[in-house]
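**Q** Take this structure, written in C-alpha cells, and hold onto it; I'll ask about it next.
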Amino acid sequence: MADEPQEPYMEGPMHSTHPVIDPGLTFASVTDKISSIVLKRRTSLAWFFGFAISFALFQLMLLAITNLVFVGIGLWGVNVPVAWGIDILNFVWWIGIGHAGTLISAILLLLRQKWRTSINRFAEAMTLFAVAQAGMYPIFHLGRPWLAYWLFPYPNTMGIWPQFRSPLMWDVFAVSTYATVSAMFWFVGLIPDFATLRDRAKSKVFQMIYGLLAMGWRGSARHWHRYETAYLLLAGLATPLVLSVHTIVSFDFAVGIIPGWHATIFPPYFVAGAIYAGFAMVLLLTIPLRKFYGLEGFITMRHMHNMAKVMLATGLIVGYGYMMEAFFGWYSGNKYERYMIWNRMHGPYALYYWALILCNIITPQFLWSKKIRSNLLALWIISFVVSIGMWLERFVIVVTSLHRDFLPSSWGMYQPTQWDWSMFIGTIGFFFTLLFLFIRFLPMISIFEMRTILPEAEVDE
Amino acid sequence: MADERDKRDLDKGDKHDIAPSSSVAVSHHRHVLPLYGIMAEFDGPNELIHAARQTYEAGYRRINGYSPYPIEELSEAIGFTHTRLPLIVFIGGVVGGLGGFFMQYWIEVINYPINVGGKPFNSWPAFIPITFECTVLVAAFAAVLGMLLLNKLPQPYHPVFNAPNFALATRDRFFLVVEANDPKYNHDKVVELLKSLDAHEVIDVEV
C-alpha cells in the first residue's frame, strides 16, 4: 500500500513537486489552526487598518450611488453613442472575477483535483462578493433602479411582461441564478465548519451564532452521505452554470449588430477571460493572506504553481481570442468590421488597446518560467497587471466598438467622470470590506475538506 | 396490584444494577430517562469503520457513525448506501426546466404576444438560456433543501450532543452509536461488543 502511491502523477519522481498540504498536520492541528484564526487570534492592527480603508472606500460607493439616484445617470460619462460606459464594463469585470471561484470549487472538484481543497472556500467567498459588486452596476445603469423588479416576470397591474427574446433578460436570469446557486453552494460547504466553530467557540454568543448556522450538524454518517451527494450534484450543476453565465454575458454583446461585438468567438473567449481574471484575483489575494496568517502549510507552492499555470493557459486562449477578433475583422470583408479593428489599433483609444496587449498577452508569458512561478512577488505583480489588463479588455470591447459605429455623423468620444471612478473604487472598497469581515468571522479554508486530504484520513483496505 | 407494581419496579432496578458491575470503562448512570443508545468512541477512521462493520455483521441495524469529515466506507459499513436525493434533484431540474420554458411560452405566445422583428411568437431557441437557468436554479434548491430535509436539519437538539466528548466529533474523534430502538438491542451485549472493538470508551447516551 505504502510502496504504491495512489496517484503516481503526483508523487512520481518525474514530476515531484511541492505537497498539497504540509505533511506534519493532523486532524487536530488542522482544525485548531484554521478555527483559531476566527476564534482565538487577536484581531491584528493590520486587519483594522485594512478594514478601515476598505470601509472608507465603501462609503465612497454609497455616496456615489446616493448622488446617482438623486441626480440621474447623467452624472456618469455615458451618452449616445457610448451608452455603456465603465459601469457595464465593471459589471463584466466583476462577474468575470467571480468565475474563478466557481471553477475552483465546482469544476476542479469534479476533476478530482485535491489541491483545490485549501483554496475553494476563499475563492467561493471571492465569487460571492464579486457577484454582489457586479449585480449593482446593471441595476444602477437602469436609470430608475427603484423599478429594477420590473425585470422579473411577475403578474402586474400594468398587464405587461418582460421580453424574453432579449439577451438582457437572459442576463437577469443568469446572474441572479448564479448569485443564488453560488451562495447556496458556499453555505452548504460551510455547515460542517460552522459545527466545528460551534464546538470550539468559548464565548456564549459565538456558540449561539455558529450553532444556529450549523443547524444541528453532528457529523452523522447518514448525513455525510446525503451531504456529499448534494455537494457533488451542486458541483455538477454549478459547472455548466458558470460557463453559461459568462456565455450569456457575452451574448449581451454578440447578439447586437455593433461592429466588433457580433462574433461567434465571444462566448468561449469571454469564459476564458473570466477564468483568467479570476485566477489573477485569487493569486492577488492569497499571496498576502497566506503570508499574513501563516497558512503556508495549507496553501503551498503547489497551489501557486497550479494557479499560475491556469492563468497562463487561459491567457493564451484569450490571446487567441484577440487574434481571431482581428482576423474576423479583416476576413469579413465588411468595411465596418475592418474599420473597427483599425480604429482599435490606431484610433483615439489605441493606447488602451496596446496597453491591453502588453498586460494580457506579453506579461503572462513570464509564467512559462518555473523560476518566476516560484517568486511570489513576481507572481503577485503579474496577477495585478493581468487584472488591469482584463479591465482594459472590456474597456476596449465596450467603448471602441460603440464610439464609432456605422454613421460617422453619430461618432463620439467617451470619458468616465469622477462619479464613474467613485463608483468603481467604491465597489472595490465594498468587495474588500466583505472579504475582511469574511476572514475575521468565517474559516477561510474549508476545515472538514482539509481533514479528508490528510494522511491520517487514509482508509486501509 | 400493589405487589405487581413493586415487582415491576424491582425488575427495572435489578436490570440497572446488574448491567455495569462487570465493566470498568463503562461509565454508568442510573437512568431516570430512557436511553437513546450506547456510544463508543474511537481514535481513528479505520477503527471506526472496522467497528461499524462488526456491529452491522452482529445484526444491529439502527446504528450510526459520527465523524469529523465524510467517510464513504463508513456509510457503507452501517448499511446506508442509498439516498433519494439524486431523484429529488432530477425532479427539481425537470420541474425547473419545464416551468421555465412554459412560463416563457405562456407569456410570449398566449398572454402577451408581441411581434419582435417578425420573429415567431414561439421563438423557442431564444427561450433556451432562461430555460437552462431555471433548470439549474430549481435543481440546486432541490439539492440543498432536499439534503437538509432528508437529514432532518435544522435540528437544534439531539441526544448525542449529551455525550461529554461529543464536541470532538467535529475535530478529531470518531463515534459509533447503537440506538436503543434497534430490534436486537440488549444493553449488556452491545456494551460487550463495542468494548471488544478497540473502543476508547463506551458510554450510555440519554434521550
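Ligands are numbered from 1 in the order shown, residues from 1 within each chain, and chains are lettered A, B, ... in the order they appear in the C-alpha cells.
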Would you mind listing, as a count of residues only, all residues of chain B that have at least one atom within 7 Å of chain A, where only C-alpha atoms are what counts?
**A** 39
**Q** If you count only C-alpha atoms, which residues fall within 6 Å of region 132-136 of chain A, apart from same-chain ones fewer than 3 positions away, as a list in words?
**A** Phe91, Trp94, Ile95, Phe129, Ile139 and Thr427 of chain A
**Q** Put those residues in a file: C-alpha atoms, as a tab-separated table (two decimals), in the first residue's frame.
**A**
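Full text of selection.tsv as output:
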```tsv
chain	number	residue	atom	x	y	z
A	91	PHE	CA	-20.18	44.58	-14.36
A	94	TRP	CA	-16.51	41.80	-11.54
A	95	ILE	CA	-18.59	38.89	-12.69
A	129	PHE	CA	-18.56	39.23	-3.13
A	139	ILE	CA	-29.29	47.90	-11.73
A	427	THR	CA	-17.12	48.76	-5.21
```
**Q** Run DSSP on the backbone and grab whatever in region 164-196 of chain B lands in alpha helix (DSSP H); send it over as a VMD selection string.
**A** chain B and resid 187 to 195
**Q** Grab the residues selected above and save them as a PDB file, in the first residue's frame with C-alpha atoms.
**A**
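Listed below is the output, selection-v4.pdb:
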```pdb
ATOM      1  CA  HIS B 187     -27.719  -3.222  26.726  1.00  0.00           C
ATOM      2  CA  ASP B 188     -25.124  -5.618  28.052  1.00  0.00           C
ATOM      3  CA  LYS B 189     -24.486  -7.390  24.798  1.00  0.00           C
ATOM      4  CA  VAL B 190     -24.000  -4.129  22.918  1.00  0.00           C
ATOM      5  CA  VAL B 191     -21.584  -2.826  25.539  1.00  0.00           C
ATOM      6  CA  GLU B 192     -19.652  -6.044  25.404  1.00  0.00           C
ATOM      7  CA  LEU B 193     -19.481  -5.968  21.627  1.00  0.00           C
ATOM      8  CA  LEU B 194     -18.363  -2.359  21.448  1.00  0.00           C
ATOM      9  CA  LYS B 195     -15.731  -2.876  24.100  1.00  0.00           C
TER      10      LYS B 195
END
```
**Q** In Å, with one decimal, what is the gap from CA of Asp182 (chain B) to CA of Tyr56 (chain B)?
**A** 11.4 Å
**Q** Taking into account only C-alpha atoms, which residue in the set A:Tyr320, A:Tyr353, A:Phe431, A:Phe140 is nearest to Val399 (chain A)?
**A**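 The shortest atom-to-atom distance to Val399 (chain A) comes from A:Tyr353.
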**Q** Counting only C-alpha atoms, which residues of region 100-200 of chain A fall within 9 Å of region 268-282 of chain A, and what is the closest atom pair for each with its distance in Å at one decimal, ordered by chain and rising number, as a Markdown table?
**A**
```
| residue | atom | partner | partner_atom | distance |
| --- | --- | --- | --- | --- |
| A:Ala100 | CA | A:Gly278 | CA | 4.4 |
| A:Gly101 | CA | A:Gly278 | CA | 7.2 |
| A:Leu103 | CA | A:Ile275 | CA | 7.6 |
| A:Ile119 | CA | A:Val282 | CA | 8.7 |
| A:Phe122 | CA | A:Val282 | CA | 8.4 |
| A:Ala123 | CA | A:Val282 | CA | 6.5 |
| A:Met126 | CA | A:Val282 | CA | 7.8 |
| A:Thr127 | CA | A:Gly278 | CA | 8.6 |
```
**Q** Deliver the residues from the most recent selection as a file, using C-alpha atoms, as a compact mmCIF listing (two decimals), in the first residue's frame.
**A**
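Listing of part.txt after writing:
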```txt
# COMPACT_ATOMS: atom_id res chain seq x y z
CA ALA A 100 -12.58 31.53 -10.88
CA GLY A 101 -14.20 30.76 -7.52
CA LEU A 103 -14.22 26.94 -11.31
CA ILE A 119 -8.43 27.49 -1.65
CA PHE A 122 -11.82 31.52 -0.02
CA ALA A 123 -12.32 31.54 -3.78
CA MET A 126 -14.48 35.96 -3.55
CA THR A 127 -17.04 34.82 -6.14
```
**Q** Tell me, in Å to one decimal, how far CA of Ile362 (chain A) is from CA of His246 (chain A).
**A**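 That distance, rounded to one decimal, is 24.3 Å.
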**Q** At a cut-off of 6 Å, using only C-alpha atoms, what residues contact region 39-42 of chain B? Leave out same-chain residues fewer than 2 positions from it and give the result as a list in words.
**A** Gly44, Leu48, Phe174, Phe175, Leu176, Val177, Ala199, His200, Glu201, Val202 and Ile203 of chain B
**Q** Store the residues of this selection in a file with N, CA and C atoms, as a PDB file, in the first residue's frame.
**A**
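Everything below was put into result_9.pdb:
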```pdb
ATOM      1  N   GLY B  44      -9.540   6.765  15.433  1.00  0.00           N
ATOM      2  CA  GLY B  44      -9.263   6.990  14.013  1.00  0.00           C
ATOM      3  C   GLY B  44     -10.345   6.425  13.127  1.00  0.00           C
ATOM      4  N   LEU B  48     -13.053   3.005  13.547  1.00  0.00           N
ATOM      5  CA  LEU B  48     -14.499   3.223  13.474  1.00  0.00           C
ATOM      6  C   LEU B  48     -15.126   2.367  12.377  1.00  0.00           C
ATOM      7  N   PHE B 174     -14.018   9.957  16.598  1.00  0.00           N
ATOM      8  CA  PHE B 174     -14.935   9.171  15.784  1.00  0.00           C
ATOM      9  C   PHE B 174     -15.842   8.379  16.712  1.00  0.00           C
ATOM     10  N   PHE B 175     -17.121   8.356  16.417  1.00  0.00           N
ATOM     11  CA  PHE B 175     -18.070   7.733  17.327  1.00  0.00           C
ATOM     12  C   PHE B 175     -18.963   6.739  16.594  1.00  0.00           C
ATOM     13  N   LEU B 176     -19.362   5.703  17.346  1.00  0.00           N
ATOM     14  CA  LEU B 176     -20.335   4.751  16.813  1.00  0.00           C
ATOM     15  C   LEU B 176     -21.449   4.630  17.838  1.00  0.00           C
ATOM     16  N   VAL B 177     -22.683   4.729  17.378  1.00  0.00           N
ATOM     17  CA  VAL B 177     -23.809   4.651  18.294  1.00  0.00           C
ATOM     18  C   VAL B 177     -24.706   3.493  17.868  1.00  0.00           C
ATOM     19  N   ALA B 199     -12.723   0.124  21.248  1.00  0.00           N
ATOM     20  CA  ALA B 199     -13.315   1.421  21.580  1.00  0.00           C
ATOM     21  C   ALA B 199     -12.517   2.059  22.700  1.00  0.00           C
ATOM     22  N   HIS B 200     -12.346   3.323  22.573  1.00  0.00           N
ATOM     23  CA  HIS B 200     -11.634   4.131  23.532  1.00  0.00           C
ATOM     24  C   HIS B 200     -12.423   4.175  24.828  1.00  0.00           C
ATOM     25  N   GLU B 201     -13.717   4.336  24.673  1.00  0.00           N
ATOM     26  CA  GLU B 201     -14.610   4.484  25.797  1.00  0.00           C
ATOM     27  C   GLU B 201     -16.004   4.114  25.318  1.00  0.00           C
ATOM     28  N   VAL B 202     -16.804   3.493  26.200  1.00  0.00           N
ATOM     29  CA  VAL B 202     -18.174   3.154  25.825  1.00  0.00           C
ATOM     30  C   VAL B 202     -19.102   3.761  26.855  1.00  0.00           C
ATOM     31  N   ILE B 203     -20.042   4.571  26.393  1.00  0.00           N
ATOM     32  CA  ILE B 203     -20.930   5.225  27.362  1.00  0.00           C
ATOM     33  C   ILE B 203     -22.379   5.119  26.934  1.00  0.00           C
TER      34      ILE B 203
END
```
**Q** Which distance in Å separates CA of His18 (chain A) and CA of His305 (chain A), to one decimal?
**A** 9.3 Å
**Q** Given the choices B:Ala163, B:Phe102, B:Cys134, B:Glu73, which gets closest to Asn122 (chain B) if the distance is worked out from only C-alpha atoms?
**A**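 Ranked by minimum distance to Asn122 (chain B), first place goes to B:Phe102.
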